[in-house]
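K.L.:
My structure file start15.tsv, TSV, C-alpha atoms, is below:
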chain	number	residue	atom	x	y	z
A	17	THR	CA	20.67	0.79	-4.14
A	18	PRO	CA	19.30	4.36	-4.18
A	19	ASP	CA	21.93	7.07	-4.01
A	20	PRO	CA	21.34	9.17	-0.87
A	21	ALA	CA	22.56	12.21	-2.80
A	22	ASP	CA	19.44	12.00	-4.99
A	23	ALA	CA	17.05	12.25	-2.04
A	24	SER	CA	15.15	15.43	-1.24
A	25	PRO	CA	16.34	17.16	1.94
A	26	TYR	CA	12.90	18.66	2.55
A	27	SER	CA	9.60	17.64	4.09
A	28	PHE	CA	6.27	19.23	4.99
A	29	PRO	CA	6.29	21.22	8.26
A	30	ASP	CA	4.43	18.33	9.94
A	31	GLY	CA	7.36	16.04	9.11
A	32	GLY	CA	5.57	14.12	6.35
A	33	THR	CA	7.07	13.66	2.91
A	34	TRP	CA	3.89	13.06	0.90
A	35	ARG	CA	0.20	13.86	0.72
A	36	THR	CA	-2.59	12.82	-1.64
A	37	GLU	CA	-4.74	14.74	-4.09
A	38	VAL	CA	-7.79	13.72	-6.12
A	39	PRO	CA	-8.06	16.08	-9.14
A	40	SER	CA	-10.88	16.89	-11.58
A	41	VAL	CA	-13.61	16.88	-8.93
A	42	GLU	CA	-15.91	19.29	-10.70
A	43	GLY	CA	-18.82	19.86	-8.34
A	44	PRO	CA	-20.68	18.77	-5.21
A	45	GLU	CA	-21.97	15.52	-6.69
A	46	ALA	CA	-18.53	14.42	-7.89
A	47	LEU	CA	-17.13	15.43	-4.50
A	48	ALA	CA	-19.72	13.30	-2.70
A	49	THR	CA	-18.69	10.37	-4.92
A	50	VAL	CA	-15.02	10.85	-4.06
A	51	LEU	CA	-15.75	11.06	-0.34
A	52	LYS	CA	-17.90	7.91	-0.44
A	53	GLU	CA	-15.33	5.93	-2.42
A	54	SER	CA	-12.38	7.13	-0.35
A	55	ALA	CA	-14.17	5.88	2.79
A	56	ARG	CA	-15.07	2.57	1.15
A	57	LEU	CA	-11.56	1.92	-0.17
A	58	ASP	CA	-9.76	3.51	2.78
A	59	VAL	CA	-7.93	6.06	0.63
A	60	PRO	CA	-6.69	9.03	2.69
A	61	VAL	CA	-7.28	12.35	0.92
A	62	HIS	CA	-5.48	15.57	1.79
A	63	ARG	CA	-6.64	17.72	-1.13
A	64	ILE	CA	-9.50	17.81	-3.61
A	65	SER	CA	-8.95	19.93	-6.73
A	66	GLN	CA	-11.27	21.14	-9.48
A	67	GLY	CA	-10.34	22.09	-13.04
A	68	SER	CA	-13.26	23.92	-14.65
A	69	GLY	CA	-12.89	27.04	-12.52
A	70	VAL	CA	-14.53	29.09	-9.81
A	71	TRP	CA	-16.65	30.86	-12.41
A	72	MET	CA	-18.27	27.55	-13.47
A	73	LEU	CA	-19.77	27.03	-10.00
A	74	THR	CA	-22.65	28.82	-8.26
A	75	ASP	CA	-22.19	30.26	-4.78
A	76	SER	CA	-24.30	27.47	-3.30
A	77	GLU	CA	-22.24	24.80	-5.09
A	78	ILE	CA	-19.00	26.28	-3.78
A	79	THR	CA	-20.43	26.55	-0.27
A	80	GLU	CA	-21.57	22.93	-0.38
A	81	MET	CA	-18.10	21.80	-1.48
A	82	VAL	CA	-16.40	23.93	1.19
A	83	ASP	CA	-18.65	22.49	3.90
A	84	SER	CA	-18.25	18.88	2.72
A	85	CYS	CA	-14.45	19.18	2.67
A	86	ALA	CA	-14.42	20.92	6.06
A	87	GLU	CA	-16.36	18.02	7.58
A	88	ARG	CA	-13.61	15.63	6.46
A	89	ASP	CA	-10.75	18.10	7.09
A	90	ILE	CA	-9.77	18.02	3.40
A	91	GLU	CA	-8.34	21.00	1.52
A	92	LEU	CA	-10.48	22.21	-1.40
A	93	CYS	CA	-8.67	23.81	-4.34
A	94	LEU	CA	-10.59	25.61	-7.12
A	95	PHE	CA	-9.19	26.90	-10.42
A	96	THR	CA	-9.15	30.61	-11.20
A	97	GLY	CA	-10.30	31.79	-14.62
A	98	PRO	CA	-10.78	32.88	-17.32
A	99	ARG	CA	-8.04	31.19	-19.32
A	100	GLY	CA	-6.65	31.76	-22.78
A	101	THR	CA	-7.60	28.35	-24.13
A	102	TRP	CA	-11.29	29.15	-23.76
A	103	ASP	CA	-11.55	32.74	-25.01
A	104	THR	CA	-11.63	34.17	-28.52
A	105	GLY	CA	-7.87	34.25	-29.05
A	106	ALA	CA	-7.01	32.15	-32.10
A	107	ALA	CA	-3.37	31.39	-31.25
A	108	THR	CA	-4.22	28.77	-28.64
A	109	ARG	CA	-5.86	26.71	-31.39
A	110	THR	CA	-2.74	26.63	-33.55
A	111	ASP	CA	-0.05	23.95	-33.42
A	112	SER	CA	2.13	26.25	-31.29
A	113	GLY	CA	-0.57	26.61	-28.64
A	114	GLY	CA	-0.02	30.34	-28.34
A	115	ALA	CA	0.09	31.53	-24.74
A	116	GLY	CA	-1.91	28.54	-23.51
A	117	LEU	CA	-3.91	28.98	-20.32
A	118	ARG	CA	-2.52	32.38	-19.42
A	119	ALA	CA	-4.98	35.18	-18.71
A	120	ARG	CA	-5.22	37.42	-21.79
A	121	GLY	CA	-5.28	41.17	-21.23
A	122	HIS	CA	-6.30	43.24	-18.25
A	123	ASP	CA	-9.82	41.83	-18.30
A	124	GLY	CA	-8.51	38.25	-18.13
A	125	LEU	CA	-6.36	39.16	-15.14
A	126	ALA	CA	-9.26	40.98	-13.50
A	127	GLY	CA	-11.49	37.94	-13.98
A	128	CYS	CA	-8.99	35.76	-12.11
A	129	VAL	CA	-8.80	38.30	-9.30
A	130	GLU	CA	-12.60	38.40	-9.08
A	131	ASP	CA	-12.67	34.59	-8.91
A	132	ALA	CA	-10.11	34.64	-6.10
A	133	LEU	CA	-12.01	37.23	-4.06
A	134	ARG	CA	-15.32	35.44	-4.51
A	135	ALA	CA	-13.91	32.01	-3.66
A	136	ALA	CA	-12.09	33.31	-0.58
A	137	GLU	CA	-15.25	35.03	0.64
A	138	LEU	CA	-17.07	31.69	0.37
A	139	GLY	CA	-14.41	29.93	2.44
A	140	VAL	CA	-12.09	28.43	-0.19
A	141	ARG	CA	-8.47	28.43	1.02
A	142	CYS	CA	-6.59	27.04	-1.99
A	143	LEU	CA	-6.63	28.35	-5.55
A	144	LEU	CA	-5.19	26.96	-8.77
A	145	VAL	CA	-3.45	29.43	-11.08
A	146	ALA	CA	-2.08	29.04	-14.59
A	147	ASP	CA	-0.43	32.41	-15.13
A	148	GLU	CA	2.67	33.99	-13.56
A	149	GLY	CA	1.10	37.45	-13.51
A	150	VAL	CA	-2.06	36.16	-11.83
A	151	LEU	CA	0.08	34.37	-9.23
A	152	TRP	CA	2.14	37.48	-8.43
A	153	THR	CA	-0.99	39.66	-8.29
A	154	LEU	CA	-2.80	37.31	-5.92
A	155	HIS	CA	0.30	36.92	-3.76
A	156	ARG	CA	0.60	40.71	-3.43
A	157	MET	CA	-3.07	40.86	-2.45
A	158	ARG	CA	-2.40	38.19	0.17
A	159	VAL	CA	0.57	40.12	1.56
A	160	ALA	CA	-1.56	43.29	1.66
A	161	GLY	CA	-4.33	41.52	3.56
A	162	VAL	CA	-6.87	41.84	0.74
A	163	LEU	CA	-6.88	38.05	0.49
A	164	PRO	CA	-6.64	35.80	3.58
A	165	ALA	CA	-3.14	35.12	4.89
A	166	ASP	CA	-3.86	31.37	4.99
A	167	LEU	CA	-4.96	31.24	1.33
A	168	THR	CA	-2.57	29.06	-0.68
A	169	PHE	CA	-1.79	29.09	-4.40
A	170	LYS	CA	-1.15	26.02	-6.53
A	171	VAL	CA	0.43	26.25	-9.99
A	172	SER	CA	-1.33	24.24	-12.71
A	173	ALA	CA	0.34	21.30	-14.46
A	174	LEU	CA	-0.48	22.98	-17.76
A	175	THR	CA	2.00	25.78	-17.05
A	176	GLY	CA	4.25	23.93	-14.62
A	177	PRO	CA	8.02	24.52	-14.74
A	178	VAL	CA	10.43	22.05	-16.31
A	179	ASN	CA	13.76	23.29	-14.97
A	180	PRO	CA	15.19	24.29	-11.57
A	181	ALA	CA	15.34	28.04	-12.28
A	182	SER	CA	11.70	28.32	-13.34
A	183	TYR	CA	10.57	26.21	-10.37
A	184	ARG	CA	12.30	28.61	-8.01
A	185	VAL	CA	10.74	31.61	-9.79
A	186	PHE	CA	7.23	30.22	-9.22
A	187	GLU	CA	8.00	29.81	-5.52
A	188	LEU	CA	9.36	33.36	-5.35
A	189	LEU	CA	6.23	34.67	-7.10
A	190	GLY	CA	4.03	33.22	-4.35
A	191	ALA	CA	3.36	29.57	-5.21
A	192	ASP	CA	2.67	27.29	-2.24
A	193	SER	CA	2.73	24.14	-4.37
A	194	VAL	CA	3.79	23.62	-7.96
A	195	ASN	CA	2.50	20.97	-10.33
A	196	VAL	CA	5.40	19.86	-12.49
A	197	PRO	CA	4.70	18.08	-15.79
A	198	SER	CA	4.48	14.32	-15.46
A	199	ASP	CA	7.05	13.59	-18.17
A	200	LEU	CA	10.00	14.84	-16.11
A	201	SER	CA	12.66	12.25	-15.37
A	202	LEU	CA	13.69	11.26	-11.86
A	203	ASP	CA	16.93	13.20	-12.33
A	204	HIS	CA	14.90	16.27	-13.35
A	205	LEU	CA	12.96	16.02	-10.09
A	206	THR	CA	16.20	15.88	-8.09
A	207	GLU	CA	17.56	18.91	-9.93
A	208	ILE	CA	14.36	20.86	-9.34
A	209	ARG	CA	14.17	19.93	-5.68
A	210	ARG	CA	17.70	21.21	-5.10
A	211	SER	CA	16.54	24.61	-6.30
A	212	GLY	CA	13.16	25.11	-4.64
A	213	ARG	CA	11.40	24.18	-1.41
A	214	ALA	CA	7.78	24.60	-2.49
A	215	PRO	CA	5.76	21.37	-2.28
A	216	MET	CA	5.63	19.56	-5.60
A	217	ASP	CA	2.43	18.20	-7.17
A	218	LEU	CA	2.78	15.31	-9.62
A	219	TYR	CA	0.28	13.14	-11.48
A	220	VAL	CA	1.31	9.53	-10.84
A	221	GLU	CA	-1.16	8.88	-13.66
A	222	ALA	CA	-1.62	11.75	-16.06
A	223	PRO	CA	-4.68	12.68	-18.14
A	224	ASP	CA	-4.22	12.13	-21.86
A	225	ASP	CA	-3.84	15.87	-22.57
A	226	LEU	CA	-0.83	15.81	-20.22
A	227	GLY	CA	0.67	12.72	-21.83
A	228	GLY	CA	-1.30	9.85	-20.33
A	229	TYR	CA	1.75	8.62	-18.38
A	230	VAL	CA	1.24	5.92	-15.75
A	231	ARG	CA	4.02	6.14	-13.15
A	232	MET	CA	2.49	4.25	-10.24
A	233	TYR	CA	5.46	1.89	-10.10
A	234	GLU	CA	7.73	4.89	-9.53
A	235	ALA	CA	5.68	6.36	-6.69
A	236	ALA	CA	8.21	5.56	-3.96
A	237	GLU	CA	11.07	7.07	-5.93
A	238	LEU	CA	8.99	10.10	-6.88
A	239	ILE	CA	8.42	10.73	-3.17
A	240	ARG	CA	12.07	10.14	-2.27
A	241	ARG	CA	13.29	12.65	-4.84
A	242	GLY	CA	10.43	15.14	-4.89
A	243	ALA	CA	9.40	15.46	-1.23
A	244	PRO	CA	7.42	17.25	-0.04
A	245	LEU	CA	5.16	15.84	-2.73
A	246	TYR	CA	1.44	15.61	-3.48
A	247	LEU	CA	0.62	12.33	-5.25
A	248	LYS	CA	-2.13	13.17	-7.73
A	249	PHE	CA	-4.40	10.34	-8.77
A	250	GLY	CA	-5.20	11.23	-12.36
A	251	LEU	CA	-6.75	9.07	-15.04
A	252	SER	CA	-5.52	8.27	-18.52
A	253	LYS	CA	-7.81	7.20	-21.38
A	254	ALA	CA	-10.59	9.37	-19.99
A	255	PRO	CA	-12.46	12.01	-22.02
A	256	GLY	CA	-11.90	15.64	-21.04
A	257	ILE	CA	-14.65	17.17	-18.89
A	258	TYR	CA	-13.60	20.86	-18.74
A	259	PRO	CA	-15.64	23.03	-18.63
A	260	TYR	CA	-17.91	20.71	-16.70
A	261	GLY	CA	-21.72	20.68	-16.81
A	262	ALA	CA	-24.57	18.25	-16.23
A	263	HIS	CA	-24.21	16.97	-19.82
A	264	LEU	CA	-20.96	15.32	-18.65
A	265	ARG	CA	-22.34	13.98	-15.37
A	266	ASP	CA	-21.89	10.26	-16.03
A	267	LEU	CA	-18.29	10.76	-17.16
A	268	ALA	CA	-17.48	12.95	-14.16
A	269	LEU	CA	-18.90	10.53	-11.59
A	270	ALA	CA	-17.33	7.47	-13.18
A	271	GLY	CA	-14.00	9.29	-13.35
A	272	ALA	CA	-14.29	10.36	-9.72
A	273	ARG	CA	-14.79	6.77	-8.60
A	274	GLU	CA	-11.93	5.46	-10.69
A	275	ARG	CA	-9.49	8.16	-9.56
A	276	VAL	CA	-10.03	7.06	-5.97
A	277	ARG	CA	-9.52	3.43	-7.00
A	278	ARG	CA	-6.27	4.44	-8.73
A	279	GLY	CA	-5.25	6.01	-5.43
A	280	ARG	CA	-5.86	2.69	-3.68
A	281	LEU	CA	-3.62	0.97	-6.23
A	282	VAL	CA	-0.82	3.48	-5.58
A	283	LEU	CA	-1.11	3.07	-1.82
A	284	ASP	CA	-1.10	-0.71	-2.13
A	285	LEU	CA	2.02	-0.56	-4.28
A	286	LEU	CA	3.78	1.68	-1.77
A	287	ALA	CA	2.86	-0.75	1.02
A	288	ARG	CA	4.23	-3.73	-0.90
A	289	LEU	CA	7.51	-1.86	-1.33
A	290	GLY	CA	7.61	-0.94	2.35
A	291	SER	CA	7.50	2.74	1.34
A	292	ASP	CA	4.09	3.74	2.70
A	293	GLY	CA	5.51	5.55	5.75
A	294	GLY	CA	5.98	9.29	5.87
A	295	MET	CA	2.46	10.39	4.92
A	296	SER	CA	1.42	13.74	6.39
A	297	PRO	CA	-1.37	13.59	8.96
A	298	LEU	CA	-4.84	13.93	7.47
A	299	GLY	CA	-5.95	17.54	7.58
A	300	ALA	CA	-2.42	18.87	7.07
A	301	ARG	CA	-2.24	21.64	4.47
A	302	ALA	CA	0.56	24.03	5.52
A	303	PRO	CA	3.31	24.29	2.87
A	304	GLY	CA	6.06	25.42	5.26
A	305	GLU	CA	8.34	28.45	5.11
A	306	LEU	CA	8.94	29.43	1.49
A	307	ARG	CA	11.08	32.08	-0.18
A	308	ARG	CA	9.40	35.05	-1.89
A	309	PHE	CA	10.36	38.04	-3.96
A	310	PRO	CA	10.04	41.19	-1.83
A	311	VAL	CA	6.81	43.06	-2.53
A	312	PRO	CA	7.69	46.70	-3.33
A	313	GLU	CA	6.47	49.30	-0.85
A	314	GLY	CA	3.09	50.63	-1.91
A	315	ASP	CA	2.76	48.08	-4.71
Could you render the structure from this file as structure tokens?
P.N.:
Amino acid sequence: TPDPADASPYSFPDGGTWRTEVPSVEGPEALATVLKESARLDVPVHRISQGSGVWMLTDSEITEMVDSCAERDIELCLFTGPRGTWDTGAATRTDSGGAGLRARGHDGLAGCVEDALRAAELGVRCLLVADEGVLWTLHRMRVAGVLPADLTFKVSALTGPVNPASYRVFELLGADSVNVPSDLSLDHLTEIRRSGRAPMDLYVEAPDDLGGYVRMYEAAELIRRGAPLYLKFGLSKAPGIYPYGAHLRDLALAGARERVRRGRLVLDLLARLGSDGGMSPLGARAPGELRRFPVPEGD
């Protein structure tokens, strides 16, 4: 019997405890595939996310994705860049991984800011970040009105926190949802949820570079402990496609179809367990009232 003390006391402002996300949707064609498959398999989608970055898409591609998601009332989330794993820094290619995806130097930070401004101007209202400084900078811009007040920030799984204190820090820095690594135990999720209110994102099936874990059978318990929670339908044993281009088209489209199918499997499993209630209404994207560090006057 589940211990009630382990359960999350929080929910989304609409009263739901979970939402869905299809990640690694790298462009308009992959998005169209996801939308077609989600309709065919009756998979509700709250959020679509992309991993290659704003800078890997043209204005027309972004506009097409924004319009397609708006038609279905789905949130579109694009990744800010550049990132340390792709630039000339050698440390990220060592066994230690260096500073990972963080933005290197002032120019790296400026590139992320430029991505955010451009994406927001084109109608994007959710951005992925992989750097604490980028997050704090973009949050200050949001507070100052330079970025839209309804723009939300999502912390990448590749820099996600693994303890309660760091989770709370990300929320205080401006995160509206935080992707925690998929290898955290159920007790870790309970500990983290006691510390922070920001919605949690979790791969119920993780890509291989995040461990390749398949946790579909734990979906109900992940929701119970982690709510409010985005169930991310990832895909193990799939080749990496970042940064995406037409040379990876077949992989991207096949992966898009299969991620939606994985979502159907998760939803079916929840239904068999009698745990499929509590989903947020489609179109819901508000994270709720979250705690923030005060922004210094004139900062």
K.L.:
Compare A:Lys52, A:His155, A:Arg35, A:Arg213 by their minimum atom-to-atom distance to Met295 of chain A, counting all atoms listed in the file, and give me the closest one.
P.N.:
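The answer is A:Arg35, which sits nearest to Met295 of chain A.
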K.L.:
Enumerate, in order of chain and increasing residue number, the residues of segment 111-227 of chain A with an atom no farther than 12 Å from segment 269-291 of chain A, each with its shortest atom pair and distance in Å to one decimal, counting all atoms listed in the file, as CSV.
P.N.:
residue,atom,partner,partner_atom,distance
A:Tyr219,CA,A:Gly279,CA,10.9
A:Val220,CA,A:Val282,CA,8.3
A:Glu221,CA,A:Arg278,CA,8.4
A:Ala222,CA,A:Arg275,CA,10.8
A:Pro223,CA,A:Arg275,CA,10.8
K.L.:
Emit the selected residues as a compact mmCIF listing (two decimals), in the coordinates of the input, including C-alpha atoms.
P.N.:
# COMPACT_ATOMS: atom_id res chain seq x y z
CA TYR A 219 0.28 13.14 -11.48
CA VAL A 220 1.31 9.53 -10.84
CA GLU A 221 -1.16 8.88 -13.66
CA ALA A 222 -1.62 11.75 -16.06
CA PRO A 223 -4.68 12.68 -18.14
K.L.:
What separation in Å, quoted to one decimal, exists between atom CA of Leu47 of chain A and atom CA of Val82 of chain A?
P.N.:
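That distance, rounded to one decimal, is 10.3 Å.
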K.L.:
Would you mind listing what lies within 10 Å of Asp225 of chain A as a tab-separated table (two decimals) with C-alpha atoms, in the coordinates of the input, with all atoms listed in the file counted and same-chain residues fewer than 5 positions away left out?
P.N.:
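Wrote it out as out11.tsv, contents follow:
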chain	number	residue	atom	x	y	z
A	174	LEU	CA	-0.48	22.98	-17.76
A	252	SER	CA	-5.52	8.27	-18.52
A	253	LYS	CA	-7.81	7.20	-21.38
A	254	ALA	CA	-10.59	9.37	-19.99
A	255	PRO	CA	-12.46	12.01	-22.02
A	256	GLY	CA	-11.90	15.64	-21.04
K.L.:
Between A:Ala243, A:Val162, A:Met157, A:Leu200, which residue has the minimum interatomic distance to Asn179 of chain A, considering all atoms listed in the file?
P.N.:
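That would be A:Leu200, the residue with the smallest distance to Asn179 of chain A.
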K.L.:
So, counting only C-alpha atoms, which residue among A:Ala55, A:Val70, A:Cys85, A:Ala214 is closest to Gly299 of chain A?
P.N.:
A:Cys85
K.L.:
Can you work out the spacing between atom CA of Pro18 of chain A and atom CA of Thr206 of chain A in Å, to one decimal?
P.N.:
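So the answer is 12.6 Å.
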K.L.:
Might you pull out every residue within 12 Å of Ser68 of chain A, with all atoms listed in the file counted and same-chain residues fewer than 6 positions away left off, and present them as a PDB file with C-alpha atoms, keeping the file's coordinate frame?
P.N.:
ATOM      1  CA  PRO A  39      -8.060  16.080  -9.140  1.00  0.00           C
ATOM      2  CA  SER A  40     -10.880  16.890 -11.580  1.00  0.00           C
ATOM      3  CA  VAL A  41     -13.610  16.880  -8.930  1.00  0.00           C
ATOM      4  CA  GLU A  42     -15.910  19.290 -10.700  1.00  0.00           C
ATOM      5  CA  GLY A  43     -18.820  19.860  -8.340  1.00  0.00           C
ATOM      6  CA  CYS A  93      -8.670  23.810  -4.340  1.00  0.00           C
ATOM      7  CA  LEU A  94     -10.590  25.610  -7.120  1.00  0.00           C
ATOM      8  CA  PHE A  95      -9.190  26.900 -10.420  1.00  0.00           C
ATOM      9  CA  THR A  96      -9.150  30.610 -11.200  1.00  0.00           C
ATOM     10  CA  GLY A  97     -10.300  31.790 -14.620  1.00  0.00           C
ATOM     11  CA  PRO A  98     -10.780  32.880 -17.320  1.00  0.00           C
ATOM     12  CA  ARG A  99      -8.040  31.190 -19.320  1.00  0.00           C
ATOM     13  CA  THR A 101      -7.600  28.350 -24.130  1.00  0.00           C
ATOM     14  CA  TRP A 102     -11.290  29.150 -23.760  1.00  0.00           C
ATOM     15  CA  LEU A 144      -5.190  26.960  -8.770  1.00  0.00           C
ATOM     16  CA  VAL A 145      -3.450  29.430 -11.080  1.00  0.00           C
ATOM     17  CA  GLY A 256     -11.900  15.640 -21.040  1.00  0.00           C
ATOM     18  CA  ILE A 257     -14.650  17.170 -18.890  1.00  0.00           C
ATOM     19  CA  TYR A 258     -13.600  20.860 -18.740  1.00  0.00           C
ATOM     20  CA  PRO A 259     -15.640  23.030 -18.630  1.00  0.00           C
ATOM     21  CA  TYR A 260     -17.910  20.710 -16.700  1.00  0.00           C
ATOM     22  CA  GLY A 261     -21.720  20.680 -16.810  1.00  0.00           C
ATOM     23  CA  ALA A 268     -17.480  12.950 -14.160  1.00  0.00           C
TER      24      ALA A 268
END
K.L.:
Considering all atoms listed in the file, can you say which of A:Gly105, A:Phe186, A:Ser65, A:Gly161 comes closest to Val140 of chain A?
P.N.:
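Of all the options, A:Ser65 lies closest to Val140 of chain A.
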